[in-house]
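Peer 1: Following this message is one structure expressed as structure tokens.
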Amino acid sequence: MINIAILASGTGTNARELLTKANSLPHINISLVITDTEGAGVIDIAKSFSKKAFLIPAKGLSKSEHEAFILKKLTHYKIDWIFLAGYMRILSSDFLNSFYDSKLKQNRVINIHPSLLPLFKGLNAYKQAFNSTEDKSGVTIHFVDSEIDTGKIIFQESFQKNKNFENFLSTGMSLEHKLYPKVLELLNTHALDNRYKGLL
Ligand code: GRF
């Protein structure tokens, strides 16, 4: 069984899609959801799937203290992979190193970002992409490294930009919801590991 933790700070619609997909995959277990944000929608989503949801706020803690609390939970639940789904903190190199897989040569930490990376890294990527002169935008799923939105790309898919921001956003979110669960399918069959070990 592959044990996964989702880290999220907000609404949790991607977490919901991952949890839904995991229910149909025999080797994938999303063991828990961790959030840093009180009242985050993702807490109710986790509970609706009967999953453990832990609130670990950063207030009053140094970055390393906060990450140490998170790591303790991840270790306790024997987590193999972390999926970031709208997690609004940058993970330190020390934290990422504890999920380094020397065979994959990657950290076992994955993120979804709503732009065609390397374009529009960082915050408000939908706004950045919408306000740009690019006629396409898209969604990227990538390994997480110690810089912001620079890790190795796993999937990337584009869509034609729409003149109305609400429509643009909903097209992007639908694509996110379609793409992110596909990573679980790859993990379920070890296709992701094999791809990055150079076996496929
Ligand atoms: C998504 O747009 C994701 O790409 C970005 O943060 C947002 C989270 O949305 N990293 P949700 O909480 O999954 O609905």
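FYI, nothing fancy with the structure tokens labels: chains A, B, ... in order, residues from 1 per chain, ligands from 1 as they appear.
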9 Å from ligand 1 is the threshold here; counting only C-alpha atoms and all ligand atoms, which polymer residues fall inside it? Answer as a PDB file with N, CA, C and O atoms, in the first residue's frame.
Peer 2:
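Below you can see pocket16.pdb, which holds the result:
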```pdb
ATOM      1  N   ALA A   8      -2.914  21.004   2.461  1.00  0.00           N
ATOM      2  CA  ALA A   8      -3.737  22.004   1.783  1.00  0.00           C
ATOM      3  C   ALA A   8      -4.054  23.139   2.744  1.00  0.00           C
ATOM      4  O   ALA A   8      -4.141  22.923   3.956  1.00  0.00           O
ATOM      5  N   SER A   9      -4.257  24.320   2.174  1.00  0.00           N
ATOM      6  CA  SER A   9      -4.563  25.479   3.031  1.00  0.00           C
ATOM      7  C   SER A   9      -5.963  26.026   2.807  1.00  0.00           C
ATOM      8  O   SER A   9      -6.397  26.903   3.546  1.00  0.00           O
ATOM      9  N   GLY A  10      -6.649  25.566   1.753  1.00  0.00           N
ATOM     10  CA  GLY A  10      -7.873  26.279   1.389  1.00  0.00           C
ATOM     11  C   GLY A  10      -9.091  25.416   1.183  1.00  0.00           C
ATOM     12  O   GLY A  10      -9.381  24.507   1.964  1.00  0.00           O
ATOM     13  N   THR A  11      -9.776  25.690   0.089  1.00  0.00           N
ATOM     14  CA  THR A  11     -11.082  25.086  -0.194  1.00  0.00           C
ATOM     15  C   THR A  11     -11.016  23.566  -0.293  1.00  0.00           C
ATOM     16  O   THR A  11     -11.928  22.875   0.159  1.00  0.00           O
ATOM     17  N   GLY A  12     -10.005  23.096  -0.969  1.00  0.00           N
ATOM     18  CA  GLY A  12      -9.811  21.648  -1.002  1.00  0.00           C
ATOM     19  C   GLY A  12     -10.491  20.920  -2.139  1.00  0.00           C
ATOM     20  O   GLY A  12     -10.708  19.713  -2.070  1.00  0.00           O
ATOM     21  N   THR A  13     -10.771  21.627  -3.244  1.00  0.00           N
ATOM     22  CA  THR A  13     -11.441  20.910  -4.338  1.00  0.00           C
ATOM     23  C   THR A  13     -10.502  19.882  -4.977  1.00  0.00           C
ATOM     24  O   THR A  13     -10.953  18.808  -5.387  1.00  0.00           O
ATOM     25  N   ASN A  14      -9.214  20.192  -5.042  1.00  0.00           N
ATOM     26  CA  ASN A  14      -8.274  19.186  -5.577  1.00  0.00           C
ATOM     27  C   ASN A  14      -8.147  18.011  -4.620  1.00  0.00           C
ATOM     28  O   ASN A  14      -8.072  16.856  -5.058  1.00  0.00           O
ATOM     29  N   ALA A  15      -8.135  18.303  -3.327  1.00  0.00           N
ATOM     30  CA  ALA A  15      -8.084  17.221  -2.333  1.00  0.00           C
ATOM     31  C   ALA A  15      -9.298  16.302  -2.524  1.00  0.00           C
ATOM     32  O   ALA A  15      -9.174  15.072  -2.486  1.00  0.00           O
ATOM     33  N   ARG A  16     -10.459  16.916  -2.755  1.00  0.00           N
ATOM     34  CA  ARG A  16     -11.680  16.115  -2.957  1.00  0.00           C
ATOM     35  C   ARG A  16     -11.530  15.171  -4.162  1.00  0.00           C
ATOM     36  O   ARG A  16     -11.877  13.994  -4.096  1.00  0.00           O
ATOM     37  N   GLU A  17     -10.960  15.687  -5.255  1.00  0.00           N
ATOM     38  CA  GLU A  17     -10.789  14.839  -6.452  1.00  0.00           C
ATOM     39  C   GLU A  17      -9.778  13.721  -6.194  1.00  0.00           C
ATOM     40  O   GLU A  17      -9.955  12.595  -6.663  1.00  0.00           O
ATOM     41  N   ALA A  40     -10.366  25.909   7.185  1.00  0.00           N
ATOM     42  CA  ALA A  40     -10.187  25.614   5.755  1.00  0.00           C
ATOM     43  C   ALA A  40     -11.223  24.581   5.303  1.00  0.00           C
ATOM     44  O   ALA A  40     -11.507  23.608   6.020  1.00  0.00           O
ATOM     45  N   GLY A  41     -11.771  24.808   4.115  1.00  0.00           N
ATOM     46  CA  GLY A  41     -12.784  23.905   3.562  1.00  0.00           C
ATOM     47  C   GLY A  41     -12.304  22.460   3.479  1.00  0.00           C
ATOM     48  O   GLY A  41     -13.095  21.515   3.589  1.00  0.00           O
ATOM     49  N   VAL A  42     -10.999  22.297   3.293  1.00  0.00           N
ATOM     50  CA  VAL A  42     -10.444  20.955   3.120  1.00  0.00           C
ATOM     51  C   VAL A  42     -10.675  20.066   4.352  1.00  0.00           C
ATOM     52  O   VAL A  42     -10.712  18.835   4.240  1.00  0.00           O
ATOM     53  N   LEU A  84       0.702  18.207  -2.454  1.00  0.00           N
ATOM     54  CA  LEU A  84       0.315  19.564  -2.067  1.00  0.00           C
ATOM     55  C   LEU A  84      -0.876  19.954  -2.929  1.00  0.00           C
ATOM     56  O   LEU A  84      -0.853  19.787  -4.158  1.00  0.00           O
ATOM     57  N   ALA A  85      -1.911  20.463  -2.294  1.00  0.00           N
ATOM     58  CA  ALA A  85      -3.108  20.848  -3.043  1.00  0.00           C
ATOM     59  C   ALA A  85      -3.558  22.213  -2.515  1.00  0.00           C
ATOM     60  O   ALA A  85      -4.412  22.308  -1.643  1.00  0.00           O
ATOM     61  N   GLY A  86      -2.892  23.245  -3.035  1.00  0.00           N
ATOM     62  CA  GLY A  86      -3.198  24.585  -2.541  1.00  0.00           C
ATOM     63  C   GLY A  86      -2.606  24.813  -1.159  1.00  0.00           C
ATOM     64  O   GLY A  86      -3.226  25.441  -0.318  1.00  0.00           O
ATOM     65  N   TYR A  87      -1.401  24.284  -0.919  1.00  0.00           N
ATOM     66  CA  TYR A  87      -0.718  24.509   0.362  1.00  0.00           C
ATOM     67  C   TYR A  87       0.108  25.786   0.214  1.00  0.00           C
ATOM     68  O   TYR A  87       0.955  25.875  -0.682  1.00  0.00           O
ATOM     69  N   MET A  88      -0.157  26.751   1.065  1.00  0.00           N
ATOM     70  CA  MET A  88       0.351  28.102   0.835  1.00  0.00           C
ATOM     71  C   MET A  88       1.686  28.402   1.508  1.00  0.00           C
ATOM     72  O   MET A  88       2.051  29.558   1.669  1.00  0.00           O
ATOM     73  N   ASN A 111       3.210  18.745  -6.490  1.00  0.00           N
ATOM     74  CA  ASN A 111       2.370  19.950  -6.408  1.00  0.00           C
ATOM     75  C   ASN A 111       1.610  20.142  -7.709  1.00  0.00           C
ATOM     76  O   ASN A 111       2.052  19.701  -8.765  1.00  0.00           O
ATOM     77  N   ILE A 112       0.473  20.827  -7.583  1.00  0.00           N
ATOM     78  CA  ILE A 112      -0.267  21.250  -8.778  1.00  0.00           C
ATOM     79  C   ILE A 112      -0.211  22.763  -8.832  1.00  0.00           C
ATOM     80  O   ILE A 112      -0.397  23.440  -7.807  1.00  0.00           O
ATOM     81  N   HIS A 113       0.076  23.278 -10.023  1.00  0.00           N
ATOM     82  CA  HIS A 113       0.182  24.736 -10.174  1.00  0.00           C
ATOM     83  C   HIS A 113      -0.635  25.163 -11.397  1.00  0.00           C
ATOM     84  O   HIS A 113      -0.500  24.578 -12.473  1.00  0.00           O
ATOM     85  N   PRO A 114      -1.460  26.204 -11.224  1.00  0.00           N
ATOM     86  CA  PRO A 114      -2.379  26.559 -12.310  1.00  0.00           C
ATOM     87  C   PRO A 114      -1.795  27.495 -13.360  1.00  0.00           C
ATOM     88  O   PRO A 114      -2.330  28.580 -13.600  1.00  0.00           O
ATOM     89  N   SER A 115      -0.703  27.085 -13.984  1.00  0.00           N
ATOM     90  CA  SER A 115      -0.187  27.813 -15.153  1.00  0.00           C
ATOM     91  C   SER A 115       0.695  26.843 -15.926  1.00  0.00           C
ATOM     92  O   SER A 115       0.999  25.744 -15.445  1.00  0.00           O
ATOM     93  N   GLY A 122       4.525  31.076  -8.609  1.00  0.00           N
ATOM     94  CA  GLY A 122       4.162  31.793  -7.382  1.00  0.00           C
ATOM     95  C   GLY A 122       2.684  32.057  -7.236  1.00  0.00           C
ATOM     96  O   GLY A 122       1.845  31.344  -7.792  1.00  0.00           O
ATOM     97  N   LEU A 123       2.394  33.109  -6.476  1.00  0.00           N
ATOM     98  CA  LEU A 123       1.004  33.393  -6.091  1.00  0.00           C
ATOM     99  C   LEU A 123       0.174  33.924  -7.257  1.00  0.00           C
ATOM    100  O   LEU A 123       0.712  34.495  -8.199  1.00  0.00           O
ATOM    101  N   ASN A 124      -1.135  33.752  -7.120  1.00  0.00           N
ATOM    102  CA  ASN A 124      -2.119  34.323  -8.069  1.00  0.00           C
ATOM    103  C   ASN A 124      -1.814  33.973  -9.525  1.00  0.00           C
ATOM    104  O   ASN A 124      -1.902  34.839 -10.411  1.00  0.00           O
ATOM    105  N   ALA A 125      -1.479  32.737  -9.763  1.00  0.00           N
ATOM    106  CA  ALA A 125      -1.081  32.334 -11.117  1.00  0.00           C
ATOM    107  C   ALA A 125      -2.231  32.503 -12.113  1.00  0.00           C
ATOM    108  O   ALA A 125      -1.999  32.883 -13.270  1.00  0.00           O
ATOM    109  N   TYR A 126      -3.470  32.223 -11.686  1.00  0.00           N
ATOM    110  CA  TYR A 126      -4.597  32.421 -12.623  1.00  0.00           C
ATOM    111  C   TYR A 126      -4.692  33.885 -13.042  1.00  0.00           C
ATOM    112  O   TYR A 126      -4.890  34.195 -14.215  1.00  0.00           O
ATOM    113  N   VAL A 139      -2.275  23.931 -16.851  1.00  0.00           N
ATOM    114  CA  VAL A 139      -2.052  23.387 -15.508  1.00  0.00           C
ATOM    115  C   VAL A 139      -0.795  22.530 -15.552  1.00  0.00           C
ATOM    116  O   VAL A 139      -0.570  21.811 -16.535  1.00  0.00           O
ATOM    117  N   THR A 140       0.004  22.613 -14.499  1.00  0.00           N
ATOM    118  CA  THR A 140       1.233  21.816 -14.417  1.00  0.00           C
ATOM    119  C   THR A 140       1.242  21.012 -13.122  1.00  0.00           C
ATOM    120  O   THR A 140       0.916  21.548 -12.060  1.00  0.00           O
ATOM    121  N   ILE A 141       1.640  19.768 -13.240  1.00  0.00           N
ATOM    122  CA  ILE A 141       1.864  18.951 -12.038  1.00  0.00           C
ATOM    123  C   ILE A 141       3.351  18.613 -12.019  1.00  0.00           C
ATOM    124  O   ILE A 141       3.906  18.182 -13.033  1.00  0.00           O
ATOM    125  N   LEU A 169     -11.237  30.762 -15.113  1.00  0.00           N
ATOM    126  CA  LEU A 169     -10.949  30.072 -13.857  1.00  0.00           C
ATOM    127  C   LEU A 169     -11.628  28.702 -13.811  1.00  0.00           C
ATOM    128  O   LEU A 169     -11.020  27.697 -13.420  1.00  0.00           O
ATOM    129  N   GLY A 172      -9.873  26.230 -15.998  1.00  0.00           N
ATOM    130  CA  GLY A 172      -8.615  25.811 -15.377  1.00  0.00           C
ATOM    131  C   GLY A 172      -8.853  24.839 -14.233  1.00  0.00           C
ATOM    132  O   GLY A 172      -8.177  23.801 -14.137  1.00  0.00           O
ATOM    133  N   MET A 173      -9.821  25.156 -13.379  1.00  0.00           N
ATOM    134  CA  MET A 173     -10.071  24.275 -12.224  1.00  0.00           C
ATOM    135  C   MET A 173     -10.550  22.894 -12.696  1.00  0.00           C
ATOM    136  O   MET A 173     -10.166  21.869 -12.133  1.00  0.00           O
ATOM    137  N   GLU A 176      -7.548  21.040 -13.666  1.00  0.00           N
ATOM    138  CA  GLU A 176      -6.825  20.606 -12.456  1.00  0.00           C
ATOM    139  C   GLU A 176      -7.444  19.315 -11.918  1.00  0.00           C
ATOM    140  O   GLU A 176      -6.740  18.348 -11.597  1.00  0.00           O
ATOM    141  N   HIS A 177      -8.779  19.349 -11.830  1.00  0.00           N
ATOM    142  CA  HIS A 177      -9.482  18.198 -11.231  1.00  0.00           C
ATOM    143  C   HIS A 177      -9.349  16.934 -12.075  1.00  0.00           C
ATOM    144  O   HIS A 177      -9.430  15.831 -11.554  1.00  0.00           O
TER     145      HIS A 177
END
```
Peer 1: Applying 12 Å and only C-alpha atoms, which residues near A:Glu67 remain after dropping the ones on its own chain fewer than 6 positions away? List them as a short mmCIF file (atom, residue, chain, number, x, y, z; two decimals) with N, CA, C and O atoms, in the first residue's frame.
Peer 2:
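out_30.cif was written with the following content:
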```cif
data_model
loop_
_atom_site.label_atom_id
_atom_site.label_comp_id
_atom_site.auth_asym_id
_atom_site.auth_seq_id
_atom_site.Cartn_x
_atom_site.Cartn_y
_atom_site.Cartn_z
N LEU A 7 -1.44 17.97 1.83
CA LEU A 7 -1.28 19.23 2.57
C LEU A 7 -2.02 20.31 1.80
O LEU A 7 -1.77 20.49 0.58
N ILE A 34 -3.51 17.36 6.09
CA ILE A 34 -2.98 18.32 7.06
C ILE A 34 -3.21 19.72 6.50
O ILE A 34 -2.96 19.98 5.32
N THR A 35 -3.71 20.60 7.34
CA THR A 35 -3.86 21.98 6.94
C THR A 35 -3.22 22.90 7.97
O THR A 35 -3.14 22.54 9.15
N ASP A 36 -2.79 24.05 7.50
CA ASP A 36 -2.23 25.07 8.41
C ASP A 36 -3.28 26.14 8.72
O ASP A 36 -2.99 27.09 9.43
N ILE A 56 -2.60 22.10 11.80
CA ILE A 56 -1.30 22.44 12.41
C ILE A 56 -0.97 23.89 12.03
O ILE A 56 -0.33 24.14 11.00
N PRO A 57 -1.43 24.83 12.83
CA PRO A 57 -1.18 26.24 12.48
C PRO A 57 0.26 26.62 12.74
O PRO A 57 0.91 26.07 13.62
N ALA A 58 0.74 27.58 11.97
CA ALA A 58 2.15 27.97 12.08
C ALA A 58 2.34 29.11 13.07
O ALA A 58 3.47 29.42 13.44
N LEU A 61 5.16 29.79 15.80
CA LEU A 61 6.23 28.79 15.63
C LEU A 61 7.23 29.26 14.58
O LEU A 61 6.85 29.95 13.63
N LYS A 73 3.73 13.92 12.35
CA LYS A 73 2.49 13.25 11.90
C LYS A 73 2.77 12.35 10.69
O LYS A 73 2.30 11.22 10.61
N LEU A 74 3.55 12.86 9.76
CA LEU A 74 3.81 12.09 8.53
C LEU A 74 4.56 10.81 8.86
O LEU A 74 4.30 9.74 8.28
N THR A 75 5.47 10.90 9.81
CA THR A 75 6.24 9.72 10.20
C THR A 75 5.34 8.73 10.93
O THR A 75 5.37 7.53 10.65
N ARG A 89 2.41 27.35 1.92
CA ARG A 89 3.73 27.57 2.53
C ARG A 89 4.81 26.93 1.67
O ARG A 89 4.57 25.91 1.05
N ILE A 90 5.98 27.54 1.74
CA ILE A 90 7.14 26.98 1.03
C ILE A 90 7.79 25.97 1.96
O ILE A 90 8.12 26.30 3.11
N LEU A 91 8.01 24.78 1.47
CA LEU A 91 8.65 23.76 2.31
C LEU A 91 10.18 23.93 2.26
O LEU A 91 10.75 24.17 1.20
N SER A 92 10.81 23.79 3.41
CA SER A 92 12.26 24.00 3.48
C SER A 92 13.01 22.82 2.85
O SER A 92 12.47 21.72 2.72
N SER A 93 14.28 23.06 2.53
CA SER A 93 15.10 21.97 1.98
C SER A 93 15.22 20.84 2.99
O SER A 93 15.22 19.66 2.59
N ASP A 94 15.35 21.16 4.26
CA ASP A 94 15.46 20.11 5.27
C ASP A 94 14.23 19.21 5.26
O ASP A 94 14.33 17.99 5.32
N PHE A 95 13.06 19.84 5.20
CA PHE A 95 11.82 19.07 5.16
C PHE A 95 11.80 18.20 3.89
O PHE A 95 11.55 16.99 3.97
N LEU A 96 12.09 18.81 2.77
CA LEU A 96 12.04 18.06 1.50
C LEU A 96 13.06 16.92 1.49
O LEU A 96 12.78 15.83 0.97
N SER A 98 13.85 15.02 3.78
CA SER A 98 13.38 13.82 4.47
C SER A 98 12.41 13.02 3.59
O SER A 98 12.04 11.91 3.95
#
```
Peer 1: What does the distance from atom CA of A:Gln160 to atom CA of A:Lys136 come to in Å, to one decimal?
Peer 2: 4.6 Å
Peer 1: Applying 7 Å and only C-alpha atoms, which residues near A:Asn188 remain after dropping the ones on its own chain fewer than 5 positions away? List them as JSON, numbers by chain.
Peer 2: {"A": [25, 27, 28]}
Peer 1: Among chain A, which residues does DSSP mark as strand (DSSP E) when it is run on the backbone? Keep the chain and numbering as in the structure and answer as a PyMOL selection string.
Peer 2: chain A and resi 2-8+28-35+52-55+81-84+100-101+106-107+109-113+136-143+153-160
Peer 1: Enumerate, as a PyMOL selection string, the complete set of residues in stretch 17-50 of chain A that a backbone-based DSSP assignment places in alpha helix (DSSP H).
Peer 2: chain A and resi 17-22+41-48
Peer 1: Which of these residues is nearest to A:His76, using only C-alpha atoms: A:Leu192, A:Ile43, A:Leu32, A:Leu179?
Peer 2: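 Of the candidates, the smallest distance to A:His76 is held by A:Leu32.
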